[in-house]
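Chemist: Okay, handing you the structure first.
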Amino acid sequence: PAPVRLGDVVPAPEQVRPDPRADFTLSADTTVRVSPEPDARAVAERLADLLRPATGYRLPITEAQHPELADDIALVLVQQPDLGPEGYRLDVTPTGVRISAATAAGLHHGIQTLRQLLPATIESSTPVRAAWTLPGGSITDRPRFPYRGAMLDVARHFFGVDDVLRVIDHLTRYKLNHLHLHLTDDQGWRIAVESRPRLTTIGAHTAVGGSPGGWYTPADYQRIVAYAGERHLTVVPEIDLPGHTNAALTAYPELAPEGTTPVPYTGTDVGFSYLDPTNAQTYEFVADVLGEVAARTPGPFLHIGGDEAFAVKGAAYTGFVERAQRIVAEFGKTVVGWHQLAPAAHSEGRVLQWWGTDGVDPTTADAVRRGARLILSPGNHAYLDMKYTSDTPIGHDWAGLIDVRRAYDWDPATRVTEVPAEAVLGVEAPLWTESVTSLAEIEFMLLPRLPAIAELGWSPRATHDWAAFRTRLAGHGPRWTAAGIAFHRSPEIPWP
Ligand SMILES: CC1=[NH+][C@H]2[C@@H](O1)O[C@H](CO)[C@@H](O)[C@@H]2O
């Protein structure tokens, strides 16, 4: 296989300066030297975990007092404010590799780049005989947008903790830093709430098509947020309200609108269920649920959904949303919601997740003028539940077919008219799972489109170029294969 070049990294780094005379080859004696700070050491442990299996090298970690003098892989925390909270600098010289950053998050992103500069077989989980050579030169890098995420719908089909942890591995590989978990919907409730036990004793046993249900205990959820946190990735839990609530209503039917008797639902329709916004008990329920989820969520965001509550309209809807937003604020969190929240009054720091397909949306633009920021998830570019082509066996097509180029060729900064670039917090790729039932199918839908979304979130706009991206991405097919991941071999990409 062709040797990896310094510029082959995905997402494209801000600045790449190759130096062909400066290649560095790892050896069995290579050590990992790291600054003494504990969160820097954690990154060194992560790097060693990534490199030890395929190389078979010991890669001992030492906290050298002067790592810059070392001749191995040095991870160095330095006060370089110009690199920002997630930036890093990576230097490959004939005597070693040095990654420097102002934060552990920067070091963490730097090791993802380092991993991609080694031959694809570095992804093997068993030792491979190879020359572990890195291309010489320097990379200076930092993200364009602060919010770069993906969403996993664990309500339509339930995925256990180990599957979620593997999805987190895929996200961090491409420097994403948020995982949005869609935890509740009509077909199942997936997170235990101790003050509302029937949400899981009754509401968690179903899934689409009669698939087995499931849910996360507090310990399960803690494992997910801890694993994510170690990888500088923030979990954003979504409790979808007031619509998409059939599972909750089968557990607490007293919250259902007059005259309705909710029963378990395993179909894939949307928009029929809703909490009764005129019932005071609804807000006690919302406070019970959001309070517990907030208490267990280290990140700043609580996502309250807000989509497709077709029977809750106008003032009834905005009234509900404004009360739910106040409850989120009382628990010290910042609201995220689908852009249907727009007509409701602004709440401090509010973020709208835009999933439209036509860039003209005056209601959202108005909410931005009132202070909202946007996460861009356009249905016709970022919805990874869309089929690649008409013969993709799973997935939807309501927003059109999305192969790699369609996922890549758009600009989050200008996608919604009348929304200034500085109001765009970043991007997120949702994966809805009505028809996705296994980790293999998750991986098939995420790869190769997730790296396209990740590049839009991370790389400078000046690097945006489909011909260059598809060539760089082609080199990642062998990496996924070495890692045991079945991906969609899109005909748009010149796979080796
Ligand atoms: C925000 C939003 N609400 C709907 C819509 O996206 O489409 C998804 C399928 O693509 C569906 O699962 C979801 O319930």
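Ordered as shown in the structure tokens, chains take letters A, B, and onward, while each chain numbers its residues from 1 and ligands are numbered from 1 in the order shown.
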Where in segment 136-259 of chain A does DSSP assign strand (DSSP E), given as a compact mmCIF listing (two decimals) with N, CA and C atoms, in the first residue's frame?
Modeler:
# COMPACT_ATOMS: atom_id res chain seq x y z
N GLY A 137 7.45 16.00 9.19
CA GLY A 137 6.89 17.33 8.99
C GLY A 137 6.08 17.80 10.18
N SER A 138 5.38 18.93 9.99
CA SER A 138 4.62 19.53 11.10
C SER A 138 3.17 19.78 10.72
N ILE A 139 2.30 19.60 11.69
CA ILE A 139 0.87 19.90 11.53
C ILE A 139 0.48 20.85 12.65
N THR A 140 -0.20 21.95 12.27
CA THR A 140 -0.82 22.82 13.27
C THR A 140 -2.32 22.77 13.01
N ASP A 141 -3.13 22.55 14.07
CA ASP A 141 -4.53 22.21 13.82
C ASP A 141 -5.42 22.68 14.97
N TYR A 147 -18.93 22.62 18.34
CA TYR A 147 -19.85 21.50 18.54
C TYR A 147 -19.80 20.60 17.30
N ARG A 148 -19.29 19.38 17.46
CA ARG A 148 -19.17 18.44 16.35
C ARG A 148 -19.67 17.10 16.89
N GLY A 149 -20.88 16.66 16.41
CA GLY A 149 -21.47 15.51 17.08
C GLY A 149 -22.14 14.53 16.16
N ALA A 150 -22.62 13.46 16.80
CA ALA A 150 -23.48 12.48 16.13
C ALA A 150 -24.55 12.10 17.14
N MET A 151 -25.70 11.65 16.62
CA MET A 151 -26.80 11.22 17.47
C MET A 151 -27.09 9.75 17.20
N LEU A 152 -27.29 9.00 18.30
CA LEU A 152 -27.75 7.62 18.17
C LEU A 152 -29.13 7.51 18.80
N ASP A 153 -30.09 7.08 18.00
CA ASP A 153 -31.47 6.85 18.47
C ASP A 153 -31.49 5.46 19.12
N HIS A 178 -19.19 15.46 20.65
CA HIS A 178 -20.50 15.33 21.31
C HIS A 178 -21.21 14.07 20.82
N LEU A 179 -21.85 13.36 21.77
CA LEU A 179 -22.72 12.23 21.43
C LEU A 179 -24.10 12.54 22.01
N HIS A 180 -25.05 12.73 21.13
CA HIS A 180 -26.45 12.99 21.50
C HIS A 180 -27.16 11.63 21.53
N LEU A 181 -27.70 11.26 22.69
CA LEU A 181 -28.44 10.00 22.80
C LEU A 181 -29.94 10.32 22.82
N HIS A 182 -30.65 9.82 21.81
CA HIS A 182 -32.12 10.00 21.73
C HIS A 182 -32.72 8.87 22.58
N THR A 184 -35.66 8.59 24.44
CA THR A 184 -37.08 8.31 24.68
C THR A 184 -37.85 8.54 23.38
N ASP A 185 -38.85 7.69 23.16
CA ASP A 185 -39.71 7.87 22.00
C ASP A 185 -40.96 7.02 22.18
N GLY A 188 -40.24 3.14 23.04
CA GLY A 188 -39.52 2.67 24.23
C GLY A 188 -38.91 3.83 25.00
N TRP A 189 -38.78 3.64 26.34
CA TRP A 189 -38.11 4.61 27.22
C TRP A 189 -36.83 3.94 27.69
N THR A 234 -18.61 14.96 25.00
CA THR A 234 -19.71 15.32 25.90
C THR A 234 -20.99 14.58 25.48
N VAL A 235 -21.66 13.94 26.44
CA VAL A 235 -22.93 13.27 26.15
C VAL A 235 -24.06 14.28 26.30
N VAL A 236 -24.95 14.31 25.30
CA VAL A 236 -26.13 15.18 25.31
C VAL A 236 -27.36 14.28 25.35
N PRO A 237 -28.00 14.12 26.53
CA PRO A 237 -29.18 13.24 26.62
C PRO A 237 -30.43 13.97 26.11
N GLU A 238 -31.24 13.25 25.34
CA GLU A 238 -32.50 13.84 24.87
C GLU A 238 -33.69 13.12 25.49
N ILE A 239 -34.56 13.90 26.16
CA ILE A 239 -35.86 13.45 26.61
C ILE A 239 -36.85 14.17 25.71
N ASP A 240 -37.42 13.49 24.73
CA ASP A 240 -38.23 14.15 23.71
C ASP A 240 -39.60 14.50 24.30
N LEU A 241 -39.92 15.80 24.26
CA LEU A 241 -41.17 16.33 24.85
C LEU A 241 -41.74 17.42 23.96
Chemist: Name the residues in contact with Arg449 of chain A at a cut-off of 10 Å, using only C-alpha atoms, excluding same-chain residues fewer than 6 positions from it; report them as an NGL selection string.
Modeler: :A and (381-384 or 388 or 402-408 or 429 or 473 or 487-488 or 490)
Chemist: Return as CSV the residues of chain A lying at most 9 Å from ligand 1, together with the closest atom-to-atom pair for each and the distance in Å to one decimal, counting only C-alpha atoms and all ligand atoms, with rows in chain order and ascending residue number.
Modeler:
residue,atom,partner,partner_atom_place_in_ligand_line,distance
A:Asp153,CA,ligand 1,12 (O),7.9
A:Arg156,CA,ligand 1,12 (O),7.9
A:Asp185,CA,ligand 1,14 (O),7.8
A:Asp186,CA,ligand 1,14 (O),9.0
A:His244,CA,ligand 1,14 (O),7.3
A:Thr268,CA,ligand 1,12 (O),7.9
A:Asp269,CA,ligand 1,14 (O),8.3
A:Val270,CA,ligand 1,14 (O),6.1
A:Gly271,CA,ligand 1,14 (O),8.2
A:Gly305,CA,ligand 1,1 (C),7.4
A:Gly306,CA,ligand 1,1 (C),8.2
A:Asp307,CA,ligand 1,1 (C),5.5
A:Glu308,CA,ligand 1,3 (N),6.5
A:Trp338,CA,ligand 1,1 (C),6.0
A:His339,CA,ligand 1,1 (C),8.5
A:Gln340,CA,ligand 1,1 (C),8.9
A:Gln353,CA,ligand 1,1 (C),8.4
A:Trp354,CA,ligand 1,1 (C),8.5
A:Trp355,CA,ligand 1,1 (C),6.4
A:Gly379,CA,ligand 1,10 (O),7.3
A:Tyr383,CA,ligand 1,10 (O),6.6
A:Leu384,CA,ligand 1,10 (O),8.3
A:Asp385,CA,ligand 1,10 (O),6.1
A:Met386,CA,ligand 1,10 (O),6.9
A:Gly395,CA,ligand 1,10 (O),8.3
A:His396,CA,ligand 1,10 (O),6.4
A:Asp397,CA,ligand 1,10 (O),8.0
A:Trp398,CA,ligand 1,10 (O),7.1
A:Ala399,CA,ligand 1,10 (O),7.5
A:Pro430,CA,ligand 1,10 (O),8.3
A:Leu431,CA,ligand 1,10 (O),7.8
A:Trp432,CA,ligand 1,12 (O),5.0
A:Thr433,CA,ligand 1,12 (O),7.0
A:Glu434,CA,ligand 1,12 (O),6.7
Chemist: Report the closest atom pair, with its distance in Å rounded to one decimal, for each residue of segment 331-416 of chain A that has an atom no farther than 7 Å from segment 421-425 of chain A; count only C-alpha atoms, sort by chain and then rising residue number, and write it as a tab-separated table.
Modeler:
residue	atom	partner	partner_atom	distance
A:Arg373	CA	A:Ala423	CA	4.8
A:Leu374	CA	A:Val424	CA	4.8
A:Ile375	CA	A:Leu425	CA	5.5
A:Ala413	CA	A:Ala421	CA	4.5
A:Thr414	CA	A:Ala421	CA	6.5
Chemist: Give me the residues near Thr417 of chain A as a list in words, where near means some atom within 10 Å (using only C-alpha atoms) and where sequence neighbours in that chain fewer than 6 positions away do not count.
Modeler: Asp358, Gly359, Val360, Asp361, Pro362, Thr364 and Ala365 of chain A
Chemist: According to DSSP computed on the backbone, where in segment 140-342 of chain A is there alpha helix (DSSP H)? Give the residues as a ChimeraX atom specification.
Modeler: /A:161-173,198-201,218-230,246-251,280-295,314-330
Chemist: What's around Leu290 of chain A at 12 Å? Count only C-alpha atoms, leave out sequence neighbours fewer than 4 positions away in its own chain, and write the answer as a ChimeraX atom specification.
Modeler: /A:191-196,237-241,283-286,294-297,301-304,324-335
Chemist: Find the spatial neighbours of segment 25-35 of chain A, counting only C-alpha atoms, within a cut-off of 6 Å - ignore same-chain residues fewer than 5 positions away - and output them as a PDB file with N, CA and C atoms, in the first residue's frame.
Modeler:
ATOM      1  N   TYR A  57       4.614  -3.567  20.596  1.00  0.00           N
ATOM      2  CA  TYR A  57       5.659  -2.879  21.367  1.00  0.00           C
ATOM      3  C   TYR A  57       5.159  -2.572  22.786  1.00  0.00           C
ATOM      4  N   LEU A  59       5.897   0.154  24.581  1.00  0.00           N
ATOM      5  CA  LEU A  59       5.542   1.587  24.636  1.00  0.00           C
ATOM      6  C   LEU A  59       5.333   2.046  26.073  1.00  0.00           C
ATOM      7  N   PRO A  60       6.352   1.916  26.910  1.00  0.00           N
ATOM      8  CA  PRO A  60       6.200   2.359  28.298  1.00  0.00           C
ATOM      9  C   PRO A  60       5.954   3.858  28.371  1.00  0.00           C
ATOM     10  N   ILE A  61       5.237   4.281  29.385  1.00  0.00           N
ATOM     11  CA  ILE A  61       4.923   5.711  29.549  1.00  0.00           C
ATOM     12  C   ILE A  61       5.778   6.268  30.676  1.00  0.00           C
ATOM     13  N   THR A  62       6.502   7.356  30.366  1.00  0.00           N
ATOM     14  CA  THR A  62       7.307   7.972  31.426  1.00  0.00           C
ATOM     15  C   THR A  62       6.960   9.457  31.494  1.00  0.00           C
ATOM     16  N   GLU A  63       7.094  10.015  32.705  1.00  0.00           N
ATOM     17  CA  GLU A  63       6.794  11.444  32.842  1.00  0.00           C
ATOM     18  C   GLU A  63       8.105  12.214  32.867  1.00  0.00           C
ATOM     19  N   ALA A  64       8.770  12.197  31.717  1.00  0.00           N
ATOM     20  CA  ALA A  64      10.089  12.850  31.677  1.00  0.00           C
ATOM     21  C   ALA A  64       9.936  14.304  32.082  1.00  0.00           C
ATOM     22  N   PRO A  67      10.353  16.586  28.552  1.00  0.00           N
ATOM     23  CA  PRO A  67       9.975  15.723  27.415  1.00  0.00           C
ATOM     24  C   PRO A  67      10.470  16.273  26.090  1.00  0.00           C
ATOM     25  N   ASP A  72      11.386  10.159  21.536  1.00  0.00           N
ATOM     26  CA  ASP A  72      10.334   9.182  21.249  1.00  0.00           C
ATOM     27  C   ASP A  72       9.048   9.934  20.978  1.00  0.00           C
ATOM     28  N   ILE A  73       7.915   9.426  21.510  1.00  0.00           N
ATOM     29  CA  ILE A  73       6.646  10.138  21.312  1.00  0.00           C
ATOM     30  C   ILE A  73       6.419  10.968  22.569  1.00  0.00           C
ATOM     31  N   ALA A  74       6.445  12.295  22.403  1.00  0.00           N
ATOM     32  CA  ALA A  74       6.260  13.170  23.562  1.00  0.00           C
ATOM     33  C   ALA A  74       4.903  13.864  23.475  1.00  0.00           C
ATOM     34  N   LEU A  75       4.151  13.798  24.561  1.00  0.00           N
ATOM     35  CA  LEU A  75       2.866  14.524  24.656  1.00  0.00           C
ATOM     36  C   LEU A  75       3.085  15.629  25.681  1.00  0.00           C
ATOM     37  N   VAL A  76       3.021  16.869  25.225  1.00  0.00           N
ATOM     38  CA  VAL A  76       3.459  17.974  26.081  1.00  0.00           C
ATOM     39  C   VAL A  76       2.363  19.027  26.223  1.00  0.00           C
ATOM     40  N   TRP A 132       6.669   0.740  11.146  1.00  0.00           N
ATOM     41  CA  TRP A 132       5.725   1.725  11.679  1.00  0.00           C
ATOM     42  C   TRP A 132       6.283   3.135  11.476  1.00  0.00           C
ATOM     43  N   THR A 133       6.285   3.550  10.210  1.00  0.00           N
ATOM     44  CA  THR A 133       6.912   4.814   9.855  1.00  0.00           C
ATOM     45  C   THR A 133       5.877   5.924   9.736  1.00  0.00           C
TER      46      THR A 133
END
